[in-house]
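I have placed the structure first, in the form of structure tokens, so that the comments after it can refer back to it.
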Amino acid sequence: MIWQLDLLILTLVVLCAVATVSVKDLLSSAIIFGTYSFLMCLLWTEMAAVDVAFTEAAVGAGVSTVLFFAAVFRTTRLLKFRPAGRRLAKVLGLAAALGLGGMLFVAEGDFPAWSDPNSPASTHLSPYYLTQTLHDTAVPNVVTSVLADYRGFDTMFETAVIFVAGLAVVALLRRREETGPPELYQVGAGYEDTIIRFIARKMAPFMQLFALYVVAHGHHSPGGGFQGGVILGASFILLAIAFDFRFVFSKMGERANILFGNLGVLIYAGIGFLCLLLGANFLDYSILEKILPATDAVMARSHAMLGVEIGVAIAVMAICISIYLHLASHGRMDKGL
Amino acid sequence: MIDILTVGLVSLGLFSFFSTTVGLLRLPDFYCRMHAAGKGDVFSSVCMLLGFAVYLLHHPTLEMVLTSLKILAISVFIFLASPTATHAIVDAGHASGVMPWLKEKKEEEAP
Amino acid sequence: MDLLVAKYNYWIYVLLMMIGLYTMISKNNLMKKVIGMGIFQTAIIVFYVSIGAKKGAGIPIIAHGHGHDLAAAAVDPSLYVNPLPHVLMLTAIVVGVGTLGVALALCLGIYQRYDSLEEDEILEQLQ
């Protein structure tokens with residue numbers, strides 16, 4: 001951890017935040033917000049939070065930017081410039097921001113110094129996770145073991161929240177228009193380009209392969225269900241943007257997305273209920289040694305974590321694709337960006 | 001030997017990144033800037049990644065060789081993806097009617 | 001100066017939070033408000049992740065740990081950063097993209113109905 005580098009990145013982050021807010025064009029704003037996310041990703045790596053950095057790179061810089069583009073494409077990109085308006089709101093906003101900032105600055109004196117090894121956050125619970133993870137679960141990546149095992153209940157409901165968000169987008173944007181069967185393989189305007197289509201088509205399978213590697217290897221390296229699921233979703237989004245919207249819609253339509261989202265949450269909760277059926281607590285994976293062949297209690301937890309991560313990946317993938325398809329086509333599912 | 005190769009590749013990449021930035025800032029129009037960004041970006045990132053891959057071969061254990069193979073795979077990905085993205089951007093600019101810079105126009109505008 | 005260097009992560013997160021809050025309250029455009037929400041969210045993530053940082057510690061993946069033959073070996077917790085904030089923030093980022101999707105969907109719906117994303121124009125049409 002080099003504090004000079006940190007200070008540089010943090011200054012750039014603040015500059016990017018100010019630029020994102022003050023630019024008068026929503027598309028530029030979205031691009032600068034993507035840059036902001038990449039800088040954040042650099043910052044997490046520098047603070048040794050590799051899993052968070054991976055997630056931020058896939059989600060914050062990748063999928064969020066694409067979602068912003070889709071929304072700007074479907075609405076308007078220009079802001080209305082009003083030099084005199086909204087004086088009251090500006091004063092109120094400034095007062096609220098300064099008030100909040102002032103309170104937090106005052107409270108800052110009570111926080112431990114940065115990167116203090118003896119801070120309260122690092123002395124109570126986390127040493128247990130760090131020392132016991134190999135003994136309890138045989139998973140060297142502590143983030144994965146905490147995510148899927150020690151705090152599995154939390155992660156299950158996070159997955160459910162993502163699923164509910166996907167359902168909300170479908171409910172908000174879906175339109176029931178009986179226009180007959182759509183013409184197949186009609187490409188969006190201006191994307192007849194051979195190079196882009198060819199590269200996108202060849203690249204998508206490798207992205208999916210990489211996503212499966214990220215899911216399966218999350219026990220030993222940064223990665224896991226959330227990141228792998230987002231990359232899987234991104235491969236379909238790439239196909240929808242660069243290859244053919246209809247093609248993706250015919251493969252991963254509304255029904256398939258909702259089904260896959262359901263399936264993912266069901267796998268997670270199902271593993272939990274399986275533990276309950278076998279006589280242990282909900283999500284207490286070690287009891288699964290009774291039904292998994294050739295395992296002991298420790299390896300059963302490791303394998304069950306893989307199952308849980310696969311469920312998370314399926315749910316996150318389906319919801320990412322569903323949100324993008326609905327935003328880009330304004331719920332009509334005929335053509336995208 | 002490995003050290004010299006690493007330092008050489010990384011400094012080549014760094015220099016190329018520098019010239020990319022200069023080109024991006026100084027060149028006159030959209031197409032020239034995309035030319036600088038596309039070519040320089042690919043070359044410099046691939047150079048730097050190759051440098052890192054070579055550096056990992058200091059201790060050629062299985063893990064290190066695997067890691068350096070992963071870095072090679074990343075550079076292949078960049079080599080494919082970045083020019084395509086540049087092409088897409090330039091194509092979109094052409095489709096939306098961005099005019100290339102011409103010398104005569106510059107002379108007319110010059111005071 | 002000592003205070004500034006020892007705690008600058010907190011200064012930065014407070015600054016980002018102020019920028020986000022100001023944007024959410026004072027900007028007229030709904031999409032800008034969504035971006036402000038994103039900045040506010042990342043400010044909180046900066047706070048959590050920087051709480052987990054430890055001086056002289058590496059990434060939270062136990063070195064040379066494959067299988068449980070090595071489970072008996074003692075692990076020194078001061079060599080690895082605190083993994084708990086990472087877990088909390090990882091899920092928060094992914095949930096953030098879900099809420100972003102819902103917010104943008106609401107923006108699309110509003111634009112379709114009122115043909116504008118500016119707050120005052122929508123309020124005028126409502127009256």
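Residue numbering restarts at 1 for every chain of the structure tokens, chains are lettered A, B, ... in their displayed order, and ligands are numbered from 1 as they appear.
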
Could you list, as a PDB file with N, CA and C atoms, in the first residue's frame, the residues of chain A having an atom within 6 Å of chain C when counting only C-alpha atoms?
ATOM      1  N   ALA A  48      -5.809  -3.926  -1.878  1.00  0.00           N
ATOM      2  CA  ALA A  48      -5.787  -5.389  -1.760  1.00  0.00           C
ATOM      3  C   ALA A  48      -7.178  -6.001  -1.701  1.00  0.00           C
ATOM      4  N   VAL A  52     -13.431  -7.267  -4.825  1.00  0.00           N
ATOM      5  CA  VAL A  52     -14.246  -6.072  -5.045  1.00  0.00           C
ATOM      6  C   VAL A  52     -13.840  -5.407  -6.348  1.00  0.00           C
ATOM      7  N   ALA A  89     -33.288  25.031  -4.912  1.00  0.00           N
ATOM      8  CA  ALA A  89     -32.793  23.660  -4.818  1.00  0.00           C
ATOM      9  C   ALA A  89     -31.291  23.647  -4.654  1.00  0.00           C
ATOM     10  N   LYS A  90     -30.611  24.587  -5.344  1.00  0.00           N
ATOM     11  CA  LYS A  90     -29.150  24.608  -5.234  1.00  0.00           C
ATOM     12  C   LYS A  90     -28.732  24.966  -3.820  1.00  0.00           C
ATOM     13  N   GLY A  93     -29.472  22.036  -1.584  1.00  0.00           N
ATOM     14  CA  GLY A  93     -28.536  20.944  -1.809  1.00  0.00           C
ATOM     15  C   GLY A  93     -27.196  21.238  -1.184  1.00  0.00           C
ATOM     16  N   LEU A  94     -26.749  22.480  -1.380  1.00  0.00           N
ATOM     17  CA  LEU A  94     -25.452  22.862  -0.814  1.00  0.00           C
ATOM     18  C   LEU A  94     -25.508  22.796   0.708  1.00  0.00           C
ATOM     19  N   ALA A  97     -25.528  19.130   1.773  1.00  0.00           N
ATOM     20  CA  ALA A  97     -24.232  18.495   1.565  1.00  0.00           C
ATOM     21  C   ALA A  97     -23.228  19.000   2.595  1.00  0.00           C
ATOM     22  N   GLY A 101     -21.460  16.830   5.383  1.00  0.00           N
ATOM     23  CA  GLY A 101     -20.003  16.799   5.389  1.00  0.00           C
ATOM     24  C   GLY A 101     -19.447  17.264   6.715  1.00  0.00           C
ATOM     25  N   ALA A 113      -7.097   5.381  12.713  1.00  0.00           N
ATOM     26  CA  ALA A 113      -6.279   5.848  11.597  1.00  0.00           C
ATOM     27  C   ALA A 113      -6.329   4.822  10.476  1.00  0.00           C
ATOM     28  N   TRP A 114      -6.066   5.323   9.269  1.00  0.00           N
ATOM     29  CA  TRP A 114      -6.218   4.438   8.121  1.00  0.00           C
ATOM     30  C   TRP A 114      -5.157   3.330   8.130  1.00  0.00           C
ATOM     31  N   SER A 115      -5.574   2.133   7.743  1.00  0.00           N
ATOM     32  CA  SER A 115      -4.736   0.936   7.638  1.00  0.00           C
ATOM     33  C   SER A 115      -4.039   0.639   8.967  1.00  0.00           C
ATOM     34  N   ASP A 116      -4.766   0.852  10.062  1.00  0.00           N
ATOM     35  CA  ASP A 116      -4.264   0.490  11.381  1.00  0.00           C
ATOM     36  C   ASP A 116      -4.567  -0.988  11.606  1.00  0.00           C
ATOM     37  N   PRO A 117      -3.541  -1.817  11.813  1.00  0.00           N
ATOM     38  CA  PRO A 117      -3.818  -3.255  11.979  1.00  0.00           C
ATOM     39  C   PRO A 117      -4.619  -3.563  13.238  1.00  0.00           C
ATOM     40  N   SER A 122     -10.737  -4.875  12.514  1.00  0.00           N
ATOM     41  CA  SER A 122      -9.830  -5.957  12.136  1.00  0.00           C
ATOM     42  C   SER A 122      -9.473  -6.866  13.298  1.00  0.00           C
ATOM     43  N   SER A 126     -12.798 -10.790  12.089  1.00  0.00           N
ATOM     44  CA  SER A 126     -12.096 -11.207  10.878  1.00  0.00           C
ATOM     45  C   SER A 126     -10.916 -12.140  11.136  1.00  0.00           C
ATOM     46  N   PRO A 127     -10.181 -12.058  12.267  1.00  0.00           N
ATOM     47  CA  PRO A 127      -9.127 -13.048  12.473  1.00  0.00           C
ATOM     48  C   PRO A 127      -9.662 -14.480  12.523  1.00  0.00           C
ATOM     49  N   LEU A 130     -10.016 -15.595   8.964  1.00  0.00           N
ATOM     50  CA  LEU A 130      -8.735 -15.801   8.291  1.00  0.00           C
ATOM     51  C   LEU A 130      -8.043 -17.055   8.785  1.00  0.00           C
ATOM     52  N   THR A 131      -8.121 -17.335  10.094  1.00  0.00           N
ATOM     53  CA  THR A 131      -7.377 -18.496  10.603  1.00  0.00           C
ATOM     54  C   THR A 131      -8.149 -19.783  10.415  1.00  0.00           C
ATOM     55  N   LEU A 134      -9.317 -22.436   6.195  1.00  0.00           N
ATOM     56  CA  LEU A 134      -8.769 -23.682   5.651  1.00  0.00           C
ATOM     57  C   LEU A 134      -9.198 -24.870   6.499  1.00  0.00           C
ATOM     58  N   HIS A 135      -9.254 -24.664   7.792  1.00  0.00           N
ATOM     59  CA  HIS A 135      -9.632 -25.739   8.696  1.00  0.00           C
ATOM     60  C   HIS A 135     -11.104 -26.121   8.514  1.00  0.00           C
ATOM     61  N   ALA A 138     -11.619 -25.621   3.700  1.00  0.00           N
ATOM     62  CA  ALA A 138     -10.590 -25.939   2.702  1.00  0.00           C
ATOM     63  C   ALA A 138     -10.665 -25.007   1.499  1.00  0.00           C
ATOM     64  N   PRO A 140      -9.098 -21.522   0.136  1.00  0.00           N
ATOM     65  CA  PRO A 140      -8.107 -20.487   0.474  1.00  0.00           C
ATOM     66  C   PRO A 140      -8.591 -19.062   0.256  1.00  0.00           C
ATOM     67  N   ASN A 141      -9.513 -18.847  -0.674  1.00  0.00           N
ATOM     68  CA  ASN A 141      -9.998 -17.482  -0.877  1.00  0.00           C
ATOM     69  C   ASN A 141     -11.019 -17.152   0.212  1.00  0.00           C
ATOM     70  N   VAL A 142     -10.605 -16.332   1.173  1.00  0.00           N
ATOM     71  CA  VAL A 142     -11.445 -16.090   2.356  1.00  0.00           C
ATOM     72  C   VAL A 142     -12.730 -15.375   1.961  1.00  0.00           C
ATOM     73  N   VAL A 143     -12.639 -14.500   0.930  1.00  0.00           N
ATOM     74  CA  VAL A 143     -13.832 -13.768   0.538  1.00  0.00           C
ATOM     75  C   VAL A 143     -14.919 -14.740   0.077  1.00  0.00           C
ATOM     76  N   LEU A 147     -18.421 -15.328   1.891  1.00  0.00           N
ATOM     77  CA  LEU A 147     -19.596 -14.992   1.083  1.00  0.00           C
ATOM     78  C   LEU A 147     -20.584 -16.142   1.013  1.00  0.00           C
ATOM     79  N   ILE A 162     -31.571  -9.150  -6.237  1.00  0.00           N
ATOM     80  CA  ILE A 162     -31.261  -8.931  -7.649  1.00  0.00           C
ATOM     81  C   ILE A 162     -32.389  -9.481  -8.517  1.00  0.00           C
ATOM     82  N   ALA A 165     -35.206  -7.129  -8.452  1.00  0.00           N
ATOM     83  CA  ALA A 165     -34.943  -5.948  -9.279  1.00  0.00           C
ATOM     84  C   ALA A 165     -35.213  -6.263 -10.743  1.00  0.00           C
ATOM     85  N   VAL A 169     -37.975  -4.423 -13.240  1.00  0.00           N
ATOM     86  CA  VAL A 169     -37.731  -3.818 -14.557  1.00  0.00           C
ATOM     87  C   VAL A 169     -38.691  -4.391 -15.586  1.00  0.00           C
TER      88      VAL A 169
END

(message) I need the residues in region 17-82 of chain C that are alpha helix (DSSP H) according to DSSP; give them as a ChimeraX atom specification.
(response) /C:17-26,30-52

Requested write-out: N, CA and C atoms of the selected residues, as a compact mmCIF listing (two decimals), in the first residue's frame:
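The result, stored in part_1.txt:
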# COMPACT_ATOMS: atom_id res chain seq x y z
N MET C 17 -19.28 11.80 -0.91
CA MET C 17 -20.65 11.74 -0.41
C MET C 17 -21.34 13.09 -0.57
N MET C 18 -20.57 14.18 -0.31
CA MET C 18 -21.15 15.51 -0.46
C MET C 18 -21.49 15.78 -1.92
N ILE C 19 -20.58 15.38 -2.85
CA ILE C 19 -20.87 15.58 -4.27
C ILE C 19 -22.15 14.82 -4.66
N GLY C 20 -22.24 13.57 -4.20
CA GLY C 20 -23.41 12.77 -4.55
C GLY C 20 -24.69 13.36 -4.01
N LEU C 21 -24.67 13.79 -2.75
CA LEU C 21 -25.89 14.33 -2.14
C LEU C 21 -26.31 15.62 -2.83
N TYR C 22 -25.31 16.49 -3.12
CA TYR C 22 -25.62 17.76 -3.79
C TYR C 22 -26.25 17.49 -5.15
N THR C 23 -25.70 16.50 -5.89
CA THR C 23 -26.25 16.19 -7.20
C THR C 23 -27.68 15.71 -7.09
N MET C 24 -27.92 14.83 -6.12
CA MET C 24 -29.27 14.27 -6.01
C MET C 24 -30.28 15.34 -5.66
N ILE C 25 -29.90 16.33 -4.87
CA ILE C 25 -30.89 17.33 -4.48
C ILE C 25 -31.03 18.41 -5.53
N SER C 26 -29.91 18.91 -6.06
CA SER C 26 -30.01 20.17 -6.80
C SER C 26 -30.11 20.00 -8.30
N LEU C 30 -33.30 13.97 -14.26
CA LEU C 30 -33.45 12.74 -13.47
C LEU C 30 -32.28 11.79 -13.64
N MET C 31 -31.72 11.75 -14.87
CA MET C 31 -30.58 10.86 -15.11
C MET C 31 -29.36 11.31 -14.29
N LYS C 32 -29.20 12.62 -14.16
CA LYS C 32 -28.10 13.13 -13.33
C LYS C 32 -28.30 12.73 -11.88
N LYS C 33 -29.54 12.70 -11.45
CA LYS C 33 -29.82 12.29 -10.08
C LYS C 33 -29.41 10.83 -9.87
N VAL C 34 -29.67 10.01 -10.91
CA VAL C 34 -29.28 8.59 -10.81
C VAL C 34 -27.76 8.48 -10.69
N ILE C 35 -27.04 9.31 -11.48
CA ILE C 35 -25.58 9.29 -11.41
C ILE C 35 -25.12 9.73 -10.02
N GLY C 36 -25.79 10.74 -9.47
CA GLY C 36 -25.46 11.18 -8.12
C GLY C 36 -25.64 10.07 -7.11
N MET C 37 -26.71 9.27 -7.31
CA MET C 37 -26.93 8.12 -6.43
C MET C 37 -25.77 7.14 -6.53
N GLY C 38 -25.28 6.92 -7.78
CA GLY C 38 -24.14 6.02 -7.96
C GLY C 38 -22.91 6.54 -7.23
N ILE C 39 -22.67 7.85 -7.29
CA ILE C 39 -21.49 8.42 -6.62
C ILE C 39 -21.62 8.26 -5.11
N PHE C 40 -22.82 8.51 -4.59
CA PHE C 40 -23.06 8.34 -3.15
C PHE C 40 -22.77 6.90 -2.73
N GLN C 41 -23.21 5.97 -3.58
CA GLN C 41 -23.01 4.55 -3.28
C GLN C 41 -21.52 4.20 -3.25
N THR C 42 -20.75 4.69 -4.25
CA THR C 42 -19.33 4.37 -4.25
C THR C 42 -18.62 5.01 -3.06
N ALA C 43 -19.13 6.18 -2.61
CA ALA C 43 -18.51 6.80 -1.43
C ALA C 43 -18.60 5.86 -0.24
N ILE C 44 -19.77 5.24 -0.07
CA ILE C 44 -19.93 4.31 1.06
C ILE C 44 -19.02 3.11 0.88
N ILE C 45 -18.86 2.65 -0.37
CA ILE C 45 -17.99 1.50 -0.61
C ILE C 45 -16.54 1.86 -0.28
N VAL C 46 -16.12 3.09 -0.63
CA VAL C 46 -14.77 3.54 -0.28
C VAL C 46 -14.57 3.45 1.23
N PHE C 47 -15.57 3.92 1.97
CA PHE C 47 -15.49 3.91 3.43
C PHE C 47 -15.29 2.49 3.94
N TYR C 48 -16.13 1.55 3.48
CA TYR C 48 -16.05 0.19 4.00
C TYR C 48 -14.73 -0.48 3.65
N VAL C 49 -14.34 -0.37 2.35
CA VAL C 49 -13.14 -1.09 1.94
C VAL C 49 -11.92 -0.52 2.63
N SER C 50 -11.90 0.82 2.85
CA SER C 50 -10.71 1.39 3.49
C SER C 50 -10.68 1.03 4.97
N ILE C 51 -11.83 0.72 5.56
CA ILE C 51 -11.82 0.23 6.95
C ILE C 51 -11.14 -1.14 7.02
N GLY C 52 -11.30 -1.93 5.94
CA GLY C 52 -10.72 -3.27 5.96
C GLY C 52 -9.24 -3.30 5.71

Counting only C-alpha atoms, which residues in chain A sit no more than 10 Å from chain B? For each one, give the nearest pair of atoms and the distance in Å, sorted by chain then residue number, as JSON lines.
{"residue": "A:Gly190", "atom": "CA", "partner": "B:Ala95", "partner_atom": "CA", "distance": 7.9}
{"residue": "A:Tyr191", "atom": "CA", "partner": "B:Ala92", "partner_atom": "CA", "distance": 9.2}
{"residue": "A:Asp193", "atom": "CA", "partner": "B:Ala88", "partner_atom": "CA", "distance": 8.5}
{"residue": "A:Ile195", "atom": "CA", "partner": "B:Thr84", "partner_atom": "CA", "distance": 7.2}
{"residue": "A:Ile196", "atom": "CA", "partner": "B:Thr84", "partner_atom": "CA", "distance": 6.1}
{"residue": "A:Arg197", "atom": "CA", "partner": "B:Thr84", "partner_atom": "CA", "distance": 9.7}
{"residue": "A:Phe198", "atom": "CA", "partner": "B:Thr84", "partner_atom": "CA", "distance": 9.8}
{"residue": "A:Ile199", "atom": "CA", "partner": "B:Thr84", "partner_atom": "CA", "distance": 7.3}
{"residue": "A:Ala200", "atom": "CA", "partner": "B:Ala81", "partner_atom": "CA", "distance": 8.7}
{"residue": "A:Met203", "atom": "CA", "partner": "B:Ala81", "partner_atom": "CA", "distance": 8.5}
{"residue": "A:Phe206", "atom": "CA", "partner": "B:Phe77", "partner_atom": "CA", "distance": 9.5}
{"residue": "A:Met207", "atom": "CA", "partner": "B:Phe77", "partner_atom": "CA", "distance": 9.9}
{"residue": "A:Ala242", "atom": "CA", "partner": "B:Ala88", "partner_atom": "CA", "distance": 9.3}

(request) Find, counting only C-alpha atoms, the residue in B:Ile71, B:Glu63, B:Thr21, B:Val54 that gets nearest to chain C. (result) B:Glu63

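If only C-alpha atoms are the atoms counted, then among B:Val7, B:Gly13, B:Ala37, B:Phe79 the closest residue to Leu25 (chain B) is B:Ala37.
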
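Note that CA of Gly23 (chain B) and CA of Asp41 (chain B) are 11.1 Å apart.
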
(request) Check chain C with DSSP on the backbone and list each residue it calls strand (DSSP E or B), as a list in words. (result)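 Strand (DSSP E or B) assignments inside chain C correspond to Asn29, Gly58, Ile61, Tyr80 and Glu118 of chain C.
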
(message) So that I can see what lies close to Gly261 (chain A), please list as a list in words the residues with an atom at most 7 Å from it, counting only C-alpha atoms and leaving out residues fewer than 2 positions away in the same chain.
(response) Phe163, Asn257, Ile258, Leu259, Leu263, Gly264, Val265, Ile314, Ala315, Ala318 and Ile319 of chain A

Can you spit out the residues from that selection as a PDB file, in the first residue's frame, using C-alpha atoms?
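The resulting again_11.pdb:
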ATOM      1  CA  PHE A 163     -33.985 -11.249  -8.898  1.00  0.00           C
ATOM      2  CA  ASN A 257     -34.561 -15.060 -18.419  1.00  0.00           C
ATOM      3  CA  ILE A 258     -37.190 -15.184 -15.712  1.00  0.00           C
ATOM      4  CA  LEU A 259     -36.943 -18.976 -15.577  1.00  0.00           C
ATOM      5  CA  LEU A 263     -33.648 -21.391 -11.130  1.00  0.00           C
ATOM      6  CA  GLY A 264     -30.604 -19.619  -9.704  1.00  0.00           C
ATOM      7  CA  VAL A 265     -32.342 -18.547  -6.512  1.00  0.00           C
ATOM      8  CA  ILE A 314     -27.231 -18.242 -13.221  1.00  0.00           C
ATOM      9  CA  ALA A 315     -29.475 -15.734 -11.461  1.00  0.00           C
ATOM     10  CA  ALA A 318     -30.335 -13.908 -16.429  1.00  0.00           C
ATOM     11  CA  ILE A 319     -31.144 -10.658 -14.645  1.00  0.00           C
TER      12      ILE A 319
END

(request) Go ahead and compute the interatomic distance for CA of His219 (chain A) and CA of Leu306 (chain A), in Å to one decimal. (result)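 Atom-to-atom, CA of His219 (chain A) to CA of Leu306 (chain A), that is 8.0 Å.
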